[in-house]
Amino acid sequence: MAASSLLAASGSLRGRPLLAAMFRLWWLKAAGTTVFITLFFVAYVHLLKNPSGVVTEMPVLWLDEAVGVQTLALPLYLSLWVYVSLPTLLLFTFAELAAFGLAAALLCLFGLTCFYFWPTAVPPANIDWGQYPGFAFMKGIDAAGNACPSLHVATAVFSACWLQALLHRIEAPAWLNQANWLWCLGIAYSTLATKQHVAVDMVAGIALGGVAGLLSLRACADRLARYRP
């Protein structure tokens, strides 16, 4: 009876792989994500306030002129901190979590190293931010420095790559992966529509996040293939 009950529970669990993944090591995922983001912000803000040399203003292109300030872009911009936490929810083992965490750390370290050796900033947008409630708070926390490459975009693209692979592994509905990439695209757009970055920063962030995502997934392919929910 006990054996049959365990088999039934296992079958039920396998029938709900998304929920199964979310509840695996949930305490470690929550703690690890919190610590990671906190340490990143400490380093990010330090470099933001203490540039190592002359700060280079990034060039403004036609795309920057075409994309105006959009109030609705602010929630999208801030949603990054939820979005980058999603891949961990779909990881099943400690080894997978460690591999993902290492890849994300290397991505962030590369970006922070760029900021140290090449301090960059977004040129003033000549906008009265008083007309856009909510933006002043964000501008006070996340000044328009540490511009290129945009780590906001890079971490979003990196997360999108991992989410695509992990959603495929659990055979999630196609609309979830479509929503994944739409969310990523929205975050990238929001960096321009909030004037936190210019197009050059965004493109550099896409390149960095894409390369980091593809290389890390290739390196972790065998590990991810070992566990099939």
# chains A, B, ... in the order shown; residues from 1 in each chain; ligands from 1
call {"tool": "residues_around", "arguments": {"residues": "Ala207 in chain A", "least_positions_apart": "2", "cutoff": "12 Å", "atoms": "only C-alpha atoms", "output": "PDB file with C-alpha atoms, in the first residue's frame"}}
result
ATOM      1  CA  LEU A 107      27.937  37.907 -16.127  1.00  0.00           C
ATOM      2  CA  GLY A 111      29.685  44.095 -16.402  1.00  0.00           C
ATOM      3  CA  CYS A 148      27.373  50.441 -21.055  1.00  0.00           C
ATOM      4  CA  PRO A 149      26.722  47.586 -21.316  1.00  0.00           C
ATOM      5  CA  SER A 150      23.281  47.788 -19.765  1.00  0.00           C
ATOM      6  CA  LEU A 151      23.266  45.113 -17.068  1.00  0.00           C
ATOM      7  CA  VAL A 153      19.186  44.355 -20.372  1.00  0.00           C
ATOM      8  CA  ALA A 154      22.002  41.805 -20.101  1.00  0.00           C
ATOM      9  CA  THR A 155      20.514  40.068 -17.058  1.00  0.00           C
ATOM     10  CA  ALA A 156      17.052  40.106 -18.669  1.00  0.00           C
ATOM     11  CA  VAL A 157      18.323  38.424 -21.859  1.00  0.00           C
ATOM     12  CA  PHE A 158      20.396  35.964 -19.822  1.00  0.00           C
ATOM     13  CA  VAL A 200      24.137  51.635 -27.595  1.00  0.00           C
ATOM     14  CA  ASP A 201      23.884  50.442 -23.972  1.00  0.00           C
ATOM     15  CA  MET A 202      20.856  48.308 -24.812  1.00  0.00           C
ATOM     16  CA  VAL A 203      22.501  46.631 -27.812  1.00  0.00           C
ATOM     17  CA  ALA A 204      25.663  45.937 -25.811  1.00  0.00           C
ATOM     18  CA  GLY A 205      23.513  44.458 -23.028  1.00  0.00           C
ATOM     19  CA  GLY A 209      23.321  38.617 -22.029  1.00  0.00           C
ATOM     20  CA  GLY A 210      22.874  36.508 -25.143  1.00  0.00           C
ATOM     21  CA  VAL A 211      26.466  35.286 -25.202  1.00  0.00           C
ATOM     22  CA  ALA A 212      26.452  34.584 -21.454  1.00  0.00           C
ATOM     23  CA  GLY A 213      23.136  32.749 -21.671  1.00  0.00           C
ATOM     24  CA  LEU A 214      24.074  30.565 -24.624  1.00  0.00           C
TER      25      LEU A 214
END
call {"tool": "residues_around", "arguments": {"residues": "Ala179 in chain A", "least_positions_apart": "5", "cutoff": "12 Å", "atoms": "only C-alpha atoms", "output": "MDAnalysis selection string"}}
result
chainID A and resid 83 160 163:164 167 172:174 184:186
call {"tool": "write_last_selection", "arguments": {"atoms": "all heavy atoms", "output": "PDB file, in the first residue's frame"}}
result
ATOM      1  N   TYR A  83      11.664  39.267 -12.607  1.00  0.00           N
ATOM      2  CA  TYR A  83      11.955  38.445 -13.780  1.00  0.00           C
ATOM      3  C   TYR A  83      13.230  37.630 -13.625  1.00  0.00           C
ATOM      4  O   TYR A  83      13.249  36.439 -13.961  1.00  0.00           O
ATOM      5  CB  TYR A  83      12.055  39.362 -15.001  1.00  0.00           C
ATOM      6  CG  TYR A  83      12.241  38.644 -16.307  1.00  0.00           C
ATOM      7  CD1 TYR A  83      11.244  37.839 -16.835  1.00  0.00           C
ATOM      8  CD2 TYR A  83      13.430  38.771 -17.037  1.00  0.00           C
ATOM      9  CE1 TYR A  83      11.396  37.185 -18.048  1.00  0.00           C
ATOM     10  CE2 TYR A  83      13.597  38.124 -18.249  1.00  0.00           C
ATOM     11  CZ  TYR A  83      12.585  37.330 -18.745  1.00  0.00           C
ATOM     12  OH  TYR A  83      12.753  36.672 -19.938  1.00  0.00           O
ATOM     13  N   ALA A 160      16.096  35.217 -19.899  1.00  0.00           N
ATOM     14  CA  ALA A 160      15.187  34.736 -20.943  1.00  0.00           C
ATOM     15  C   ALA A 160      15.726  33.468 -21.596  1.00  0.00           C
ATOM     16  O   ALA A 160      14.964  32.530 -21.889  1.00  0.00           O
ATOM     17  CB  ALA A 160      14.977  35.824 -21.996  1.00  0.00           C
ATOM     18  N   LEU A 163      15.227  30.678 -19.094  1.00  0.00           N
ATOM     19  CA  LEU A 163      13.810  30.347 -18.972  1.00  0.00           C
ATOM     20  C   LEU A 163      13.325  29.549 -20.170  1.00  0.00           C
ATOM     21  O   LEU A 163      12.536  28.605 -20.017  1.00  0.00           O
ATOM     22  CB  LEU A 163      12.993  31.632 -18.819  1.00  0.00           C
ATOM     23  CG  LEU A 163      12.904  32.215 -17.409  1.00  0.00           C
ATOM     24  CD1 LEU A 163      12.255  33.584 -17.433  1.00  0.00           C
ATOM     25  CD2 LEU A 163      12.138  31.276 -16.482  1.00  0.00           C
ATOM     26  N   GLN A 164      13.770  29.914 -21.369  1.00  0.00           N
ATOM     27  CA  GLN A 164      13.358  29.161 -22.540  1.00  0.00           C
ATOM     28  C   GLN A 164      13.776  27.703 -22.431  1.00  0.00           C
ATOM     29  O   GLN A 164      12.982  26.786 -22.699  1.00  0.00           O
ATOM     30  CB  GLN A 164      13.975  29.769 -23.802  1.00  0.00           C
ATOM     31  CG  GLN A 164      13.674  28.948 -25.059  1.00  0.00           C
ATOM     32  CD  GLN A 164      14.210  29.605 -26.309  1.00  0.00           C
ATOM     33  OE1 GLN A 164      13.660  30.602 -26.763  1.00  0.00           O
ATOM     34  NE2 GLN A 164      15.275  29.059 -26.878  1.00  0.00           N
ATOM     35  N   LEU A 167      11.723  26.008 -19.485  1.00  0.00           N
ATOM     36  CA  LEU A 167      10.319  25.791 -19.850  1.00  0.00           C
ATOM     37  C   LEU A 167      10.197  24.645 -20.841  1.00  0.00           C
ATOM     38  O   LEU A 167       9.258  23.845 -20.775  1.00  0.00           O
ATOM     39  CB  LEU A 167       9.729  27.071 -20.444  1.00  0.00           C
ATOM     40  CG  LEU A 167       9.463  28.209 -19.455  1.00  0.00           C
ATOM     41  CD1 LEU A 167       9.122  29.495 -20.198  1.00  0.00           C
ATOM     42  CD2 LEU A 167       8.343  27.839 -18.480  1.00  0.00           C
ATOM     43  N   ALA A 172       6.419  23.013 -20.901  1.00  0.00           N
ATOM     44  CA  ALA A 172       5.424  24.038 -20.586  1.00  0.00           C
ATOM     45  C   ALA A 172       4.694  24.470 -21.856  1.00  0.00           C
ATOM     46  O   ALA A 172       5.213  24.323 -22.963  1.00  0.00           O
ATOM     47  CB  ALA A 172       6.119  25.236 -19.947  1.00  0.00           C
ATOM     48  N   PRO A 173       3.491  25.018 -21.727  1.00  0.00           N
ATOM     49  CA  PRO A 173       2.749  25.493 -22.903  1.00  0.00           C
ATOM     50  C   PRO A 173       3.539  26.558 -23.664  1.00  0.00           C
ATOM     51  O   PRO A 173       4.299  27.333 -23.066  1.00  0.00           O
ATOM     52  CB  PRO A 173       1.472  26.093 -22.291  1.00  0.00           C
ATOM     53  CG  PRO A 173       1.338  25.442 -20.959  1.00  0.00           C
ATOM     54  CD  PRO A 173       2.729  25.172 -20.476  1.00  0.00           C
ATOM     55  N   ALA A 174       3.360  26.599 -24.966  1.00  0.00           N
ATOM     56  CA  ALA A 174       4.115  27.529 -25.809  1.00  0.00           C
ATOM     57  C   ALA A 174       3.884  28.976 -25.410  1.00  0.00           C
ATOM     58  O   ALA A 174       4.792  29.814 -25.525  1.00  0.00           O
ATOM     59  CB  ALA A 174       3.736  27.313 -27.273  1.00  0.00           C
ATOM     60  N   CYS A 184      10.876  39.981 -21.591  1.00  0.00           N
ATOM     61  CA  CYS A 184      12.273  40.382 -21.792  1.00  0.00           C
ATOM     62  C   CYS A 184      12.364  41.582 -22.731  1.00  0.00           C
ATOM     63  O   CYS A 184      13.093  42.554 -22.453  1.00  0.00           O
ATOM     64  CB  CYS A 184      13.067  39.202 -22.349  1.00  0.00           C
ATOM     65  SG  CYS A 184      14.799  39.582 -22.708  1.00  0.00           S
ATOM     66  N   LEU A 185      11.625  41.532 -23.830  1.00  0.00           N
ATOM     67  CA  LEU A 185      11.615  42.633 -24.784  1.00  0.00           C
ATOM     68  C   LEU A 185      11.090  43.910 -24.138  1.00  0.00           C
ATOM     69  O   LEU A 185      11.619  45.012 -24.372  1.00  0.00           O
ATOM     70  CB  LEU A 185      10.747  42.265 -25.995  1.00  0.00           C
ATOM     71  CG  LEU A 185      10.638  43.306 -27.116  1.00  0.00           C
ATOM     72  CD1 LEU A 185      12.004  43.555 -27.742  1.00  0.00           C
ATOM     73  CD2 LEU A 185       9.648  42.838 -28.176  1.00  0.00           C
ATOM     74  N   GLY A 186      10.060  43.763 -23.308  1.00  0.00           N
ATOM     75  CA  GLY A 186       9.502  44.921 -22.614  1.00  0.00           C
ATOM     76  C   GLY A 186      10.504  45.563 -21.675  1.00  0.00           C
ATOM     77  O   GLY A 186      10.592  46.793 -21.579  1.00  0.00           O
TER      78      GLY A 186
END
call {"tool": "residues_around", "arguments": {"residues": "Tyr44 in chain A", "least_positions_apart": "3", "cutoff": "12 Å", "atoms": "only C-alpha atoms", "output": "PDB file with N, CA, C and O atoms, in the first residue's frame"}}
result
ATOM      1  N   ILE A  37      21.380  39.434  -5.032  1.00  0.00           N
ATOM      2  CA  ILE A  37      20.963  40.775  -5.453  1.00  0.00           C
ATOM      3  C   ILE A  37      21.532  41.837  -4.518  1.00  0.00           C
ATOM      4  O   ILE A  37      21.964  42.916  -4.961  1.00  0.00           O
ATOM      5  N   THR A  38      21.564  41.547  -3.232  1.00  0.00           N
ATOM      6  CA  THR A  38      22.108  42.504  -2.264  1.00  0.00           C
ATOM      7  C   THR A  38      23.587  42.777  -2.520  1.00  0.00           C
ATOM      8  O   THR A  38      24.024  43.938  -2.571  1.00  0.00           O
ATOM      9  N   LEU A  39      24.373  41.720  -2.695  1.00  0.00           N
ATOM     10  CA  LEU A  39      25.805  41.885  -2.958  1.00  0.00           C
ATOM     11  C   LEU A  39      26.044  42.623  -4.271  1.00  0.00           C
ATOM     12  O   LEU A  39      26.949  43.464  -4.371  1.00  0.00           O
ATOM     13  N   PHE A  40      25.235  42.306  -5.280  1.00  0.00           N
ATOM     14  CA  PHE A  40      25.380  42.998  -6.555  1.00  0.00           C
ATOM     15  C   PHE A  40      25.123  44.491  -6.395  1.00  0.00           C
ATOM     16  O   PHE A  40      25.884  45.325  -6.906  1.00  0.00           O
ATOM     17  N   PHE A  41      24.054  44.849  -5.677  1.00  0.00           N
ATOM     18  CA  PHE A  41      23.723  46.255  -5.514  1.00  0.00           C
ATOM     19  C   PHE A  41      24.807  47.007  -4.750  1.00  0.00           C
ATOM     20  O   PHE A  41      25.104  48.168  -5.060  1.00  0.00           O
ATOM     21  N   LEU A  47      30.484  51.520  -7.375  1.00  0.00           N
ATOM     22  CA  LEU A  47      31.095  51.973  -8.618  1.00  0.00           C
ATOM     23  C   LEU A  47      30.356  53.186  -9.183  1.00  0.00           C
ATOM     24  O   LEU A  47      30.970  54.054  -9.808  1.00  0.00           O
ATOM     25  N   LEU A  48      29.064  53.227  -8.969  1.00  0.00           N
ATOM     26  CA  LEU A  48      28.257  54.349  -9.458  1.00  0.00           C
ATOM     27  C   LEU A  48      28.687  55.649  -8.790  1.00  0.00           C
ATOM     28  O   LEU A  48      28.804  56.695  -9.440  1.00  0.00           O
ATOM     29  N   LYS A  49      28.954  55.580  -7.491  1.00  0.00           N
ATOM     30  CA  LYS A  49      29.307  56.781  -6.728  1.00  0.00           C
ATOM     31  C   LYS A  49      30.805  57.062  -6.707  1.00  0.00           C
ATOM     32  O   LYS A  49      31.216  58.181  -6.353  1.00  0.00           O
ATOM     33  N   ASN A  50      31.601  56.059  -7.082  1.00  0.00           N
ATOM     34  CA  ASN A  50      33.050  56.222  -7.036  1.00  0.00           C
ATOM     35  C   ASN A  50      33.690  55.756  -8.338  1.00  0.00           C
ATOM     36  O   ASN A  50      34.409  54.745  -8.367  1.00  0.00           O
ATOM     37  N   PRO A  51      33.437  56.471  -9.456  1.00  0.00           N
ATOM     38  CA  PRO A  51      34.046  56.058 -10.730  1.00  0.00           C
ATOM     39  C   PRO A  51      35.566  56.120 -10.653  1.00  0.00           C
ATOM     40  O   PRO A  51      36.127  56.986  -9.978  1.00  0.00           O
ATOM     41  N   CYS A 108      27.562  39.303 -14.182  1.00  0.00           N
ATOM     42  CA  CYS A 108      27.566  40.561 -13.435  1.00  0.00           C
ATOM     43  C   CYS A 108      28.986  41.062 -13.187  1.00  0.00           C
ATOM     44  O   CYS A 108      29.256  42.268 -13.267  1.00  0.00           O
ATOM     45  N   LEU A 109      29.902  40.133 -12.901  1.00  0.00           N
ATOM     46  CA  LEU A 109      31.294  40.513 -12.671  1.00  0.00           C
ATOM     47  C   LEU A 109      31.902  41.134 -13.921  1.00  0.00           C
ATOM     48  O   LEU A 109      32.648  42.117 -13.840  1.00  0.00           O
ATOM     49  N   PHE A 110      31.579  40.574 -15.083  1.00  0.00           N
ATOM     50  CA  PHE A 110      32.079  41.139 -16.338  1.00  0.00           C
ATOM     51  C   PHE A 110      31.560  42.567 -16.518  1.00  0.00           C
ATOM     52  O   PHE A 110      32.312  43.476 -16.879  1.00  0.00           O
ATOM     53  N   GLY A 111      30.256  42.759 -16.262  1.00  0.00           N
ATOM     54  CA  GLY A 111      29.685  44.095 -16.402  1.00  0.00           C
ATOM     55  C   GLY A 111      30.294  45.084 -15.429  1.00  0.00           C
ATOM     56  O   GLY A 111      30.629  46.220 -15.799  1.00  0.00           O
ATOM     57  N   LEU A 112      30.466  44.674 -14.175  1.00  0.00           N
ATOM     58  CA  LEU A 112      31.050  45.563 -13.168  1.00  0.00           C
ATOM     59  C   LEU A 112      32.497  45.899 -13.504  1.00  0.00           C
ATOM     60  O   LEU A 112      32.965  47.019 -13.252  1.00  0.00           O
ATOM     61  N   THR A 113      33.210  44.929 -14.081  1.00  0.00           N
ATOM     62  CA  THR A 113      34.592  45.181 -14.500  1.00  0.00           C
ATOM     63  C   THR A 113      34.625  46.231 -15.616  1.00  0.00           C
ATOM     64  O   THR A 113      35.488  47.117 -15.622  1.00  0.00           O
ATOM     65  N   CYS A 114      33.675  46.133 -16.543  1.00  0.00           N
ATOM     66  CA  CYS A 114      33.556  47.158 -17.599  1.00  0.00           C
ATOM     67  C   CYS A 114      33.323  48.534 -16.984  1.00  0.00           C
ATOM     68  O   CYS A 114      33.941  49.531 -17.395  1.00  0.00           O
ATOM     69  N   PHE A 115      32.444  48.605 -15.995  1.00  0.00           N
ATOM     70  CA  PHE A 115      32.140  49.884 -15.359  1.00  0.00           C
ATOM     71  C   PHE A 115      33.367  50.451 -14.632  1.00  0.00           C
ATOM     72  O   PHE A 115      33.541  51.667 -14.558  1.00  0.00           O
ATOM     73  N   TYR A 116      34.188  49.568 -14.082  1.00  0.00           N
ATOM     74  CA  TYR A 116      35.368  50.026 -13.343  1.00  0.00           C
ATOM     75  C   TYR A 116      36.410  50.609 -14.290  1.00  0.00           C
ATOM     76  O   TYR A 116      36.948  51.699 -14.046  1.00  0.00           O
ATOM     77  N   PRO A 119      34.218  53.911 -17.006  1.00  0.00           N
ATOM     78  CA  PRO A 119      33.012  54.516 -16.434  1.00  0.00           C
ATOM     79  C   PRO A 119      32.211  55.244 -17.524  1.00  0.00           C
ATOM     80  O   PRO A 119      32.766  56.014 -18.299  1.00  0.00           O
ATOM     81  N   ILE A 141      17.714  56.484  -6.837  1.00  0.00           N
ATOM     82  CA  ILE A 141      18.351  55.223  -6.472  1.00  0.00           C
ATOM     83  C   ILE A 141      19.286  54.738  -7.565  1.00  0.00           C
ATOM     84  O   ILE A 141      20.422  54.322  -7.313  1.00  0.00           O
ATOM     85  N   ASP A 142      18.808  54.777  -8.802  1.00  0.00           N
ATOM     86  CA  ASP A 142      19.556  54.227  -9.938  1.00  0.00           C
ATOM     87  C   ASP A 142      19.889  55.358 -10.903  1.00  0.00           C
ATOM     88  O   ASP A 142      19.232  55.553 -11.910  1.00  0.00           O
ATOM     89  N   ALA A 143      20.931  56.116 -10.568  1.00  0.00           N
ATOM     90  CA  ALA A 143      21.347  57.223 -11.431  1.00  0.00           C
ATOM     91  C   ALA A 143      21.795  56.677 -12.780  1.00  0.00           C
ATOM     92  O   ALA A 143      22.076  55.486 -12.935  1.00  0.00           O
ATOM     93  N   GLY A 145      24.302  56.272 -14.453  1.00  0.00           N
ATOM     94  CA  GLY A 145      25.693  55.882 -14.641  1.00  0.00           C
ATOM     95  C   GLY A 145      25.785  54.387 -14.863  1.00  0.00           C
ATOM     96  O   GLY A 145      24.773  53.706 -14.996  1.00  0.00           O
ATOM     97  N   ASN A 146      27.022  53.859 -14.876  1.00  0.00           N
ATOM     98  CA  ASN A 146      27.213  52.430 -15.162  1.00  0.00           C
ATOM     99  C   ASN A 146      26.367  52.037 -16.367  1.00  0.00           C
ATOM    100  O   ASN A 146      25.589  51.094 -16.333  1.00  0.00           O
ATOM    101  N   ALA A 147      26.565  52.785 -17.451  1.00  0.00           N
ATOM    102  CA  ALA A 147      25.621  52.709 -18.566  1.00  0.00           C
ATOM    103  C   ALA A 147      25.866  51.561 -19.531  1.00  0.00           C
ATOM    104  O   ALA A 147      24.930  50.857 -19.912  1.00  0.00           O
ATOM    105  N   LEU A 151      23.454  46.373 -17.798  1.00  0.00           N
ATOM    106  CA  LEU A 151      23.266  45.113 -17.068  1.00  0.00           C
ATOM    107  C   LEU A 151      21.787  44.830 -16.860  1.00  0.00           C
ATOM    108  O   LEU A 151      21.402  43.669 -16.644  1.00  0.00           O
ATOM    109  N   HIS A 152      20.966  45.861 -16.916  1.00  0.00           N
ATOM    110  CA  HIS A 152      19.527  45.654 -16.832  1.00  0.00           C
ATOM    111  C   HIS A 152      19.076  44.772 -17.994  1.00  0.00           C
ATOM    112  O   HIS A 152      18.345  43.794 -17.812  1.00  0.00           O
TER     113      HIS A 152
END
call {"tool": "closest_residue", "arguments": {"among": "A:Val82, A:Val60, A:Leu89, A:Ala125", "to": "Trp183 in chain A", "atoms": "only C-alpha atoms"}}
result
A:Val82
call {"tool": "select_by_dssp", "arguments": {"residues": "chain A", "states": "strand (DSSP E or B)", "output": "list in words"}}
result
Thr56, Glu57, Thr120, Ala121 and Gly145 of chain A
call {"tool": "residues_around", "arguments": {"residues": "Tyr77 in chain A", "least_positions_apart": "6", "cutoff": "7 Å", "atoms": "only C-alpha atoms", "output": "list in words"}}
result
Ile187, Ser190 and Thr191 of chain A
call {"tool": "closest_atom_pairs", "arguments": {"of": "range 87-107 of chain A", "to": "range 18-34 of chain A", "cutoff": "7 Å", "atoms": "only C-alpha atoms", "output": "JSON lines"}}
result
{"residue": "A:Thr88", "atom": "CA", "partner": "A:Lys29", "partner_atom": "CA", "distance": 6.4}
{"residue": "A:Leu89", "atom": "CA", "partner": "A:Met22", "partner_atom": "CA", "distance": 4.6}
{"residue": "A:Leu90", "atom": "CA", "partner": "A:Ala21", "partner_atom": "CA", "distance": 4.9}
{"residue": "A:Leu91", "atom": "CA", "partner": "A:Ala21", "partner_atom": "CA", "distance": 6.0}
{"residue": "A:Phe92", "atom": "CA", "partner": "A:Ala21", "partner_atom": "CA", "distance": 5.5}
call {"tool": "write_last_selection", "arguments": {"atoms": "all heavy atoms", "output": "mmCIF file, in the first residue's frame"}}
result
data_model
loop_
_atom_site.group_PDB
_atom_site.id
_atom_site.type_symbol
_atom_site.label_atom_id
_atom_site.label_comp_id
_atom_site.auth_asym_id
_atom_site.auth_seq_id
_atom_site.Cartn_x
_atom_site.Cartn_y
_atom_site.Cartn_z
ATOM 1 N N THR A 88 15.385 30.452 -11.322
ATOM 2 C CA THR A 88 15.690 29.592 -10.173
ATOM 3 C C THR A 88 14.482 28.751 -9.765
ATOM 4 O O THR A 88 14.647 27.651 -9.230
ATOM 5 C CB THR A 88 16.163 30.427 -8.958
ATOM 6 O OG1 THR A 88 15.115 31.315 -8.549
ATOM 7 C CG2 THR A 88 17.402 31.228 -9.318
ATOM 8 N N LEU A 89 13.276 29.265 -10.025
ATOM 9 C CA LEU A 89 12.072 28.516 -9.659
ATOM 10 C C LEU A 89 11.953 27.213 -10.441
ATOM 11 O O LEU A 89 11.288 26.277 -9.992
ATOM 12 C CB LEU A 89 10.823 29.365 -9.900
ATOM 13 C CG LEU A 89 10.652 30.621 -9.049
ATOM 14 C CD1 LEU A 89 9.376 31.344 -9.434
ATOM 15 C CD2 LEU A 89 10.651 30.278 -7.565
ATOM 16 N N LEU A 90 12.594 27.158 -11.620
ATOM 17 C CA LEU A 90 12.463 25.979 -12.476
ATOM 18 C C LEU A 90 13.678 25.055 -12.389
ATOM 19 O O LEU A 90 13.806 24.139 -13.197
ATOM 20 C CB LEU A 90 12.247 26.420 -13.928
ATOM 21 C CG LEU A 90 10.998 27.276 -14.180
ATOM 22 C CD1 LEU A 90 10.901 27.648 -15.656
ATOM 23 C CD2 LEU A 90 9.745 26.541 -13.729
ATOM 24 N N LEU A 91 14.537 25.298 -11.419
ATOM 25 C CA LEU A 91 15.697 24.427 -11.219
ATOM 26 C C LEU A 91 15.380 23.409 -10.134
ATOM 27 O O LEU A 91 14.736 23.734 -9.136
ATOM 28 C CB LEU A 91 16.927 25.265 -10.844
ATOM 29 C CG LEU A 91 17.374 26.269 -11.916
ATOM 30 C CD1 LEU A 91 18.461 27.183 -11.368
ATOM 31 C CD2 LEU A 91 17.865 25.552 -13.160
ATOM 32 N N PHE A 92 15.859 22.186 -10.329
ATOM 33 C CA PHE A 92 15.457 21.092 -9.446
ATOM 34 C C PHE A 92 16.512 20.690 -8.420
ATOM 35 O O PHE A 92 16.172 20.203 -7.345
ATOM 36 C CB PHE A 92 15.087 19.852 -10.279
ATOM 37 C CG PHE A 92 13.724 19.930 -10.902
ATOM 38 C CD1 PHE A 92 13.549 20.547 -12.129
ATOM 39 C CD2 PHE A 92 12.615 19.403 -10.268
ATOM 40 C CE1 PHE A 92 12.305 20.629 -12.712
ATOM 41 C CE2 PHE A 92 11.357 19.485 -10.841
ATOM 42 C CZ PHE A 92 11.193 20.103 -12.070
#
